[in-house]
Amino acid sequence: MLKRTHTCGELRKENTNESVNLNGWVNTVRLHGQVIFIDLRDRYGKTQIIFNSDDYSGDFEAVKKLSMEDVLSIKGTVQARGENAVNPNMSTGEIEVIVETMELLSETAPLPFVITDRESALEDLRLKYRYLELRTDELQHNIIIRHKSYQAVRSYLSEKNFLEVETPILMKSTPEGARDFLVPSRLHHGKFYALPQSPQIYKQILMISGFDRYFQIVKCFRDEDFRADRQPEFTQIDIEMSFVDEEDIYSNMEGMTQHVFKEVIGTDLPDPFPRITYDEAMSKYGSDKPDTRYTLYLQDVKQFTDMSDFNAFKSAECVKAIVVPGGVKYSRKMIDELTDVVKTFKAKGLAWMKMDAGHLTGGISKFFEDNLQKEIKNATGMDDGDIIFLIGDERSVTEKSLGALRVEIAKREDLTDKNNFKPLWVTDFPMFEMDEETDKLTFLHHPFTSPTTQDVNELDSDPESLKARAYDLTLNGYEIAGGSIRIHSPEIQNKVFSLLGLSPEEVKEKFGFLVEALTYGAPPHGGIAFGFDRLVMLLTGSNNIRDVIAFPKTTSALSLMDGSPDSVSEKQLDELNIQIKKKK
RNA sequence: GGGAUCGUAGUUCAGUUGGUUAGAACGCCGGCCUGUCAAGCCGGAGGUCGAGGGUUCGAGUCCCUUCGGUCCCGCCA
C-alpha cells in the first residue's frame with residue numbers, strides 16, 4: 001500500500017505538479033475508452049483521479065474493471081484542470097491527479113444499494129448495511145456534528161469546574177418511571193441487575209460525597225415503546241450541582257447550550273432563554289414542549305360558543321380555537337385530514353369557520369348570529385381569508401388535540417424553519433398527577449423532585465395542587481432537557497414516597513440507601529439531564545434520532561445489522577439458572 | 001396494548017374492474033468511446049410479487065394469519 005500523503009479533500013491549485021499518494025474509495029467511475037475518470041472519496045472529500053492509457057504504466061484493463069466502493073491506493077501527479085474542466089461543486093475541483101501507479105486494496109462485492117444517494121433504499125435495508133449508509137455525506141456530517149457536540153459540552157463544563165464521573169451500568173432495579181432492562185446475575189441465583197434509566201440516584205449521592213459540580217455523557221436505557229425521537233438506549237448529558245437553586249441551573253445551562261450552538265454550528269441563541277409556566281404552556285400552546293417559532297395560539301372561545309346556537313359545545317368543559325391566517329384555502333379534504341389528526345388525541349371532531357367579507361361562512365357558522373360573529377372577530381383577531389378551528393371537550397383533551405393541530409398546521413404552512421432556534425424553559429410543573437387507571441397519585445418528574453413547600457403538613461392536605469421545583473428546557477417543540485431541585489431532607493423524601501403509595505418497607509428495600517445517605521449531611525442540590533441525541537438531531541437539522549446515532553435500533557428495538565436481540569445457548573441459560581417459558 | 005401505512009428484479013418504483021409471457025429507471029455483466037464530473041451509446045442477464053394459508057377456472061391484485069419497516073396514540077420521570 002502506498003500510504004497517503006494527502007486526504008481526498010485536501011489538494012488545491014497550489015499543489016500543482018506535486019507527486020502525491022491518495023487512499024480512498026471509488027465514488028464514481030466515468031469510463032471513456034482510453035481515459036478513465038474516478039472520483040476517489042474519503043472522510044475528508046473527493047478528488048478526481050485520471051487514468052490515461054498513454055501515461056499509465058500498470059494494467060489498464062484492470063482499471064477498466066474498477067467499480068464503485070473499491071478501495072484504492074494511488075500514486076500520481078497533481079495537475080491544474082483546464083478552465084472548462086473546473087468543477088465548482090467540489091472543493092478539489094480546480095485540480096485532478098494523473099495516476100501513475102494504482103493498487104486495488106479491496107474489491108467490493110456488488111452493492112445492495114447506491115451509496116451516493118440515501119434515498120436510494122428503504123430504511124430497513126440501509127440499517128442492515130449501516131456501515132455502507134454511514135459512508136454517505138449526510139451521515140458522515142451528522143457523526144462529525146455529534147463529535148463536536150461532545151467536545152463543546154466537555155470543554156464548557158470542565159472549564160466551569162464540573163467533574164466528569166462515571167457511574168455503574170449494572171445497578172439495582174428501582175421502581176421509578178420506565179420499565180428497566182434487566183441483566184441476570186450468574187453469581188447470585190435469581191437476582192438481576194438493571195441498566196440505568198438515568199444515573200439519577202448516583203449523581204445525588206455524588207453531591208452528598210461533596211463533588212458539588214458533576215457531569216457525565218452517559219448511556220441510559222428504558223424498555224418502553226419507541227418513536228422517531230426515542231431509542232431504547234440513548235445518551236444523556238447528566239448534570240448535578242450542590243448549593244444551588246433554579247436560577248443557578250438556568251444560567252449555567254443556558255451558558256452551556258449557547259456555547260454548544262455557537263461552537264458546533266455558529267448559531268447565537270437568545271440570552272437569557274425565555275420562560276413559561278407549565279399551566280401557561282398548556283393553555284396557550286396545548287403542549288408542555290411548545291414550539292415558539294410560530295404563534296397560532298390557542299384562544300379560549302367558550303364565552304362565544306355558549307352564546308351561539310351550536311349546542312355540542314355547551315356542555316364542554318373547555319372550548320378553544322386556533323385562527324389560521326389565510327386558511328380559507330383549506331379544502332374539505334384537508335379539513336378532514338386535520339380532523340383525523342385531532343381524533344387521535346381523543347377529540348370528537350373538529351369544528352371550523354372561514355371568514356369572508358367580515359362574515360363567518362361554512363362549517364358551524366350558521367349557529368352564530370351577526371353580532372356574535374363580530375365579537376369573535378374582535379376577540380380572536382380573525383380577519384378576512386382566515387379559518388378558525390374549534391374544539392370543545394374536557395380541558396386536557398381540548399388543549400392536547402388543538403396543540404397537536406397547531407403543530408400539524410405549522411408543518412403544512414411551512415412555519416418551522418430548521419435554522420431558527422427558539423429555546424424555552426417550562427417551569428412550575430405540578431408535583432403529582434392522578435393516574436386514571438390505578439387511581440393512585442403518581443409523579444410527573446421523578447420521586448426525588450422537591451416540592452415547592454418544605455411543610456410536611458401542606459404535602460398531606462392537597463398534594464394534587466402542589467407544584468414541583470422541576471423544569472424542562474424545550475427547543476422547537478422538543479424536550480431537550482429536564483431536571484429539578486431535589487429533596488435533600490430524609491423526612492420530606494419519606495413523605496413523598498408514602499404519598500406515592502410506597503410502604504415504609506418498600507422504601508427501605510428499594511431506596512433505603514438513598515434515604516440513609518440523605519441523613520449524613522446532604523447539601524441542597526439539583527440538576528438536569530439533556531437528551532444528547534435530540535440535541536444533536538436539532539443541530540444537524542434532522543427530525544429522526546436514528547440519523548445521529550452510528551448504530552441505531554428500529555422502532556421495535558431490533559438491530560438489523562447484527563440481529564440483536566437474539567436467543568442464547570442452553571449452556572448460557574443454565575449458568576444463569578434461567579428457563580424460557582412459552583409465551584402466554 | 002391500539003391505529004395508520006408500506007413490503008413487486010440488487011435498488012427505487014409502475015402494474016387498471018382478478019385475465020396472455022409481471023414492466024421502467026438506476027445498478028450489475030459484455031461491447032464501443034481520450035475530457036467526464038448523475039458521462040454517453042449498443043447489447044445482455046436478473047423475479048418464491050415479504051412468508052404461510054384460503055376464495056376462484058384463474059391471485060402481484062380479494063380474504064385470513066404471520067414477519068419486518070415507518071409514523072402516531074397509550075407508554076416513556
# chains A, B, ... in the order shown; residues from 1 in each chain; ligands from 1
>>> residues_around(residues="Ser120 in chain A", least_positions_apart="4", cutoff="7 Å", atoms="only C-alpha atoms (C1' of nucleotides)", output="list in words")
Phe113 and Val114 of chain A; U11 and U12 of chain B
>>> residues_around(residues="range 60-74 of chain B", least_positions_apart="5", cutoff="7 Å", atoms="only C-alpha atoms (C1' of nucleotides)", output="list of chain:residue names")
A:Glu123, A:Asp124, A:Thr344, A:Phe345, B:U8, B:G18, B:C49, B:A51
>>> write_last_selection(atoms="N, CA, C and O atoms (P, O5', C5', C4', C3', O3' and C1' of nucleotides)", output="mmCIF file, in the first residue's frame")
data_model
loop_
_atom_site.group_PDB
_atom_site.id
_atom_site.type_symbol
_atom_site.label_atom_id
_atom_site.label_comp_id
_atom_site.auth_asym_id
_atom_site.auth_seq_id
_atom_site.Cartn_x
_atom_site.Cartn_y
_atom_site.Cartn_z
ATOM 1 N N GLU A 123 -35.361 2.259 4.638
ATOM 2 C CA GLU A 123 -34.538 2.339 5.846
ATOM 3 C C GLU A 123 -34.121 0.980 6.388
ATOM 4 O O GLU A 123 -33.017 0.839 6.918
ATOM 5 N N ASP A 124 -34.965 -0.047 6.268
ATOM 6 C CA ASP A 124 -34.566 -1.330 6.847
ATOM 7 C C ASP A 124 -33.327 -1.894 6.151
ATOM 8 O O ASP A 124 -32.440 -2.459 6.782
ATOM 9 N N THR A 344 -56.984 11.431 16.913
ATOM 10 C CA THR A 344 -56.038 10.540 17.588
ATOM 11 C C THR A 344 -55.758 11.027 19.003
ATOM 12 O O THR A 344 -55.235 10.291 19.819
ATOM 13 N N PHE A 345 -56.112 12.268 19.282
ATOM 14 C CA PHE A 345 -55.933 12.794 20.638
ATOM 15 C C PHE A 345 -57.266 12.859 21.387
ATOM 16 O O PHE A 345 -57.453 13.673 22.270
ATOM 17 P P U B 8 -40.715 -4.936 -2.226
ATOM 18 O "O5'" U B 8 -41.680 -5.599 -3.307
ATOM 19 C "C5'" U B 8 -41.749 -7.006 -3.421
ATOM 20 C "C4'" U B 8 -41.973 -7.405 -4.846
ATOM 21 C "C3'" U B 8 -40.942 -6.887 -5.845
ATOM 22 O "O3'" U B 8 -39.756 -7.665 -5.853
ATOM 23 C "C1'" U B 8 -43.087 -6.468 -6.688
ATOM 24 P P G B 18 -61.152 -6.859 -9.382
ATOM 25 O "O5'" G B 18 -59.921 -6.981 -10.381
ATOM 26 C "C5'" G B 18 -58.616 -7.168 -9.904
ATOM 27 C "C4'" G B 18 -58.012 -8.420 -10.497
ATOM 28 C "C3'" G B 18 -58.416 -8.705 -11.927
ATOM 29 O "O3'" G B 18 -57.310 -9.289 -12.603
ATOM 30 C "C1'" G B 18 -58.900 -10.568 -10.594
ATOM 31 P P C B 49 -43.571 -14.925 -5.898
ATOM 32 O "O5'" C B 49 -42.951 -13.471 -5.719
ATOM 33 C "C5'" C B 49 -42.983 -12.824 -4.448
ATOM 34 C "C4'" C B 49 -43.233 -11.360 -4.631
ATOM 35 C "C3'" C B 49 -44.509 -10.860 -3.959
ATOM 36 O "O3'" C B 49 -44.248 -9.565 -3.452
ATOM 37 C "C1'" C B 49 -44.557 -10.316 -6.247
ATOM 38 P P A B 51 -42.928 -14.109 -0.673
ATOM 39 O "O5'" A B 51 -43.042 -14.865 0.719
ATOM 40 C "C5'" A B 51 -41.911 -15.529 1.289
ATOM 41 C "C4'" A B 51 -42.315 -16.181 2.582
ATOM 42 C "C3'" A B 51 -43.542 -17.095 2.483
ATOM 43 O "O3'" A B 51 -43.196 -18.393 2.055
ATOM 44 C "C1'" A B 51 -43.817 -15.614 4.294
#
>>> interface_residues(of="chain A", to="chain B", cutoff="9 Å", atoms="only C-alpha atoms (C1' of nucleotides)", output="PyMOL selection string")
chain A and resi 28+30-39+48+52-53+85+87+110-114+119-125+176-179+222-228+230+344-346+443-447+554-555
>>> select_by_dssp(residues="range 200-412 of chain A", states="helix (DSSP H, G or I)", output="VMD selection string")
chain A and resid 200 to 208 246 to 265 278 to 285 302 to 307 311 to 313 327 to 329 332 to 343 365 to 367 370 to 380 395 to 412
>>> residues_around(residues="Lys422 in chain A", least_positions_apart="4", cutoff="12 Å", atoms="only C-alpha atoms (C1' of nucleotides)", output="MDAnalysis selection string")
chainID A and resid 257:258 261 267:275 289:294 416:418 473:480 538
>>> write_last_selection(atoms="N, CA and C atoms", output="short mmCIF file (atom, residue, chain, number, x, y, z; two decimals), in the first residue's frame")
data_model
loop_
_atom_site.label_atom_id
_atom_site.label_comp_id
_atom_site.auth_asym_id
_atom_site.auth_seq_id
_atom_site.Cartn_x
_atom_site.Cartn_y
_atom_site.Cartn_z
N THR A 257 -25.66 25.59 26.67
CA THR A 257 -26.39 25.41 25.41
C THR A 257 -25.95 26.45 24.38
N GLN A 258 -25.80 27.69 24.83
CA GLN A 258 -25.33 28.74 23.91
C GLN A 258 -23.95 28.39 23.37
N PHE A 261 -24.18 25.56 20.70
CA PHE A 261 -24.71 26.02 19.40
C PHE A 261 -23.71 26.91 18.68
N THR A 267 -24.30 29.27 15.69
CA THR A 267 -25.57 29.97 15.91
C THR A 267 -25.60 30.64 17.28
N ASP A 268 -26.07 31.88 17.31
CA ASP A 268 -26.27 32.59 18.58
C ASP A 268 -27.67 32.34 19.08
N LEU A 269 -27.79 31.83 20.29
CA LEU A 269 -29.11 31.63 20.90
C LEU A 269 -29.46 32.87 21.72
N PRO A 270 -30.74 33.06 22.03
CA PRO A 270 -31.14 34.21 22.84
C PRO A 270 -30.46 34.18 24.22
N ASP A 271 -30.36 35.33 24.86
CA ASP A 271 -29.78 35.39 26.20
C ASP A 271 -30.53 36.44 27.00
N PRO A 272 -31.21 36.10 28.09
CA PRO A 272 -31.43 34.75 28.58
C PRO A 272 -32.52 34.04 27.76
N PHE A 273 -32.72 32.72 28.07
CA PHE A 273 -33.80 31.98 27.42
C PHE A 273 -35.13 32.42 28.06
N PRO A 274 -36.17 32.61 27.25
CA PRO A 274 -37.48 32.92 27.82
C PRO A 274 -38.02 31.75 28.65
N ARG A 275 -38.99 32.07 29.53
CA ARG A 275 -39.58 31.04 30.39
C ARG A 275 -41.09 31.09 30.29
N LYS A 289 -44.23 21.19 25.71
CA LYS A 289 -42.99 21.49 25.00
C LYS A 289 -43.30 22.32 23.77
N PRO A 290 -43.75 23.55 23.99
CA PRO A 290 -44.26 24.36 22.88
C PRO A 290 -43.17 24.77 21.89
N ASP A 291 -43.54 24.73 20.63
CA ASP A 291 -42.68 25.25 19.57
C ASP A 291 -43.04 26.73 19.41
N THR A 292 -42.13 27.61 19.80
CA THR A 292 -42.44 29.05 19.79
C THR A 292 -41.90 29.75 18.55
N ARG A 293 -41.61 28.95 17.50
CA ARG A 293 -41.17 29.59 16.25
C ARG A 293 -42.35 30.24 15.53
N TYR A 294 -43.56 29.87 15.92
CA TYR A 294 -44.74 30.46 15.29
C TYR A 294 -45.79 30.69 16.37
N THR A 416 -41.87 26.14 10.17
CA THR A 416 -40.84 25.58 11.04
C THR A 416 -39.48 25.62 10.35
N ASP A 417 -38.86 26.77 10.41
CA ASP A 417 -37.54 26.96 9.82
C ASP A 417 -36.50 26.24 10.68
N LYS A 418 -35.80 25.27 10.08
CA LYS A 418 -34.84 24.45 10.82
C LYS A 418 -33.68 25.26 11.37
N LEU A 473 -36.19 22.11 29.61
CA LEU A 473 -35.73 23.02 28.56
C LEU A 473 -36.24 22.46 27.24
N THR A 474 -36.99 23.27 26.51
CA THR A 474 -37.52 22.83 25.22
C THR A 474 -36.89 23.66 24.11
N LEU A 475 -36.85 23.05 22.94
CA LEU A 475 -36.29 23.74 21.78
C LEU A 475 -37.09 23.30 20.56
N ASN A 476 -37.78 24.26 19.95
CA ASN A 476 -38.53 24.00 18.72
C ASN A 476 -39.50 22.82 18.84
N GLY A 477 -40.14 22.70 19.99
CA GLY A 477 -41.14 21.65 20.15
C GLY A 477 -40.60 20.33 20.64
N TYR A 478 -39.31 20.28 20.95
CA TYR A 478 -38.71 19.07 21.53
C TYR A 478 -38.30 19.36 22.96
N GLU A 479 -38.49 18.38 23.86
CA GLU A 479 -37.93 18.49 25.19
C GLU A 479 -36.48 18.06 25.07
N ILE A 480 -35.55 19.01 25.28
CA ILE A 480 -34.14 18.62 25.15
C ILE A 480 -33.47 18.43 26.51
N LEU A 538 -31.26 18.19 16.49
CA LEU A 538 -31.62 19.57 16.17
C LEU A 538 -30.44 20.32 15.55
#
>>> closest_residue(among="A:Asp547, A:Asp288, A:Asp306, A:Glu464", to="Asp229 in chain A", atoms="only C-alpha atoms")
A:Asp547
>>> atom_distance(atom1="CA of Gly392 in chain A", atom2="CA of Asp435 in chain A")
23.0 Å
>>> atom_distance(atom1="CA of Gly255 in chain A", atom2="CA of Asn419 in chain A")
19.6 Å
>>> residues_around(residues="Pro325 in chain A", least_positions_apart="6", cutoff="10 Å", atoms="only C-alpha atoms (C1' of nucleotides)", output="list of chain:residue names")
A:Leu296, A:Gly381, A:Met382, A:Asp383, A:Asp384, A:Gly385, A:Asp386, A:Ile387, A:Ile388, A:Glu413
>>> residues_around(residues="Pro175 in chain A", least_positions_apart="4", cutoff="10 Å", atoms="only C-alpha atoms (C1' of nucleotides)", output="PyMOL selection string")
chain A and resi 179-180+447+502+506-507+510-511
>>> atom_distance(atom1="CA of Phe429 in chain A", atom2="CA of Phe162 in chain A")
27.1 Å
>>> select_by_dssp(residues="range 461-549 of chain A", states="strand (DSSP E)", output="PyMOL selection string")
chain A and resi 470-475+478-485+525-531
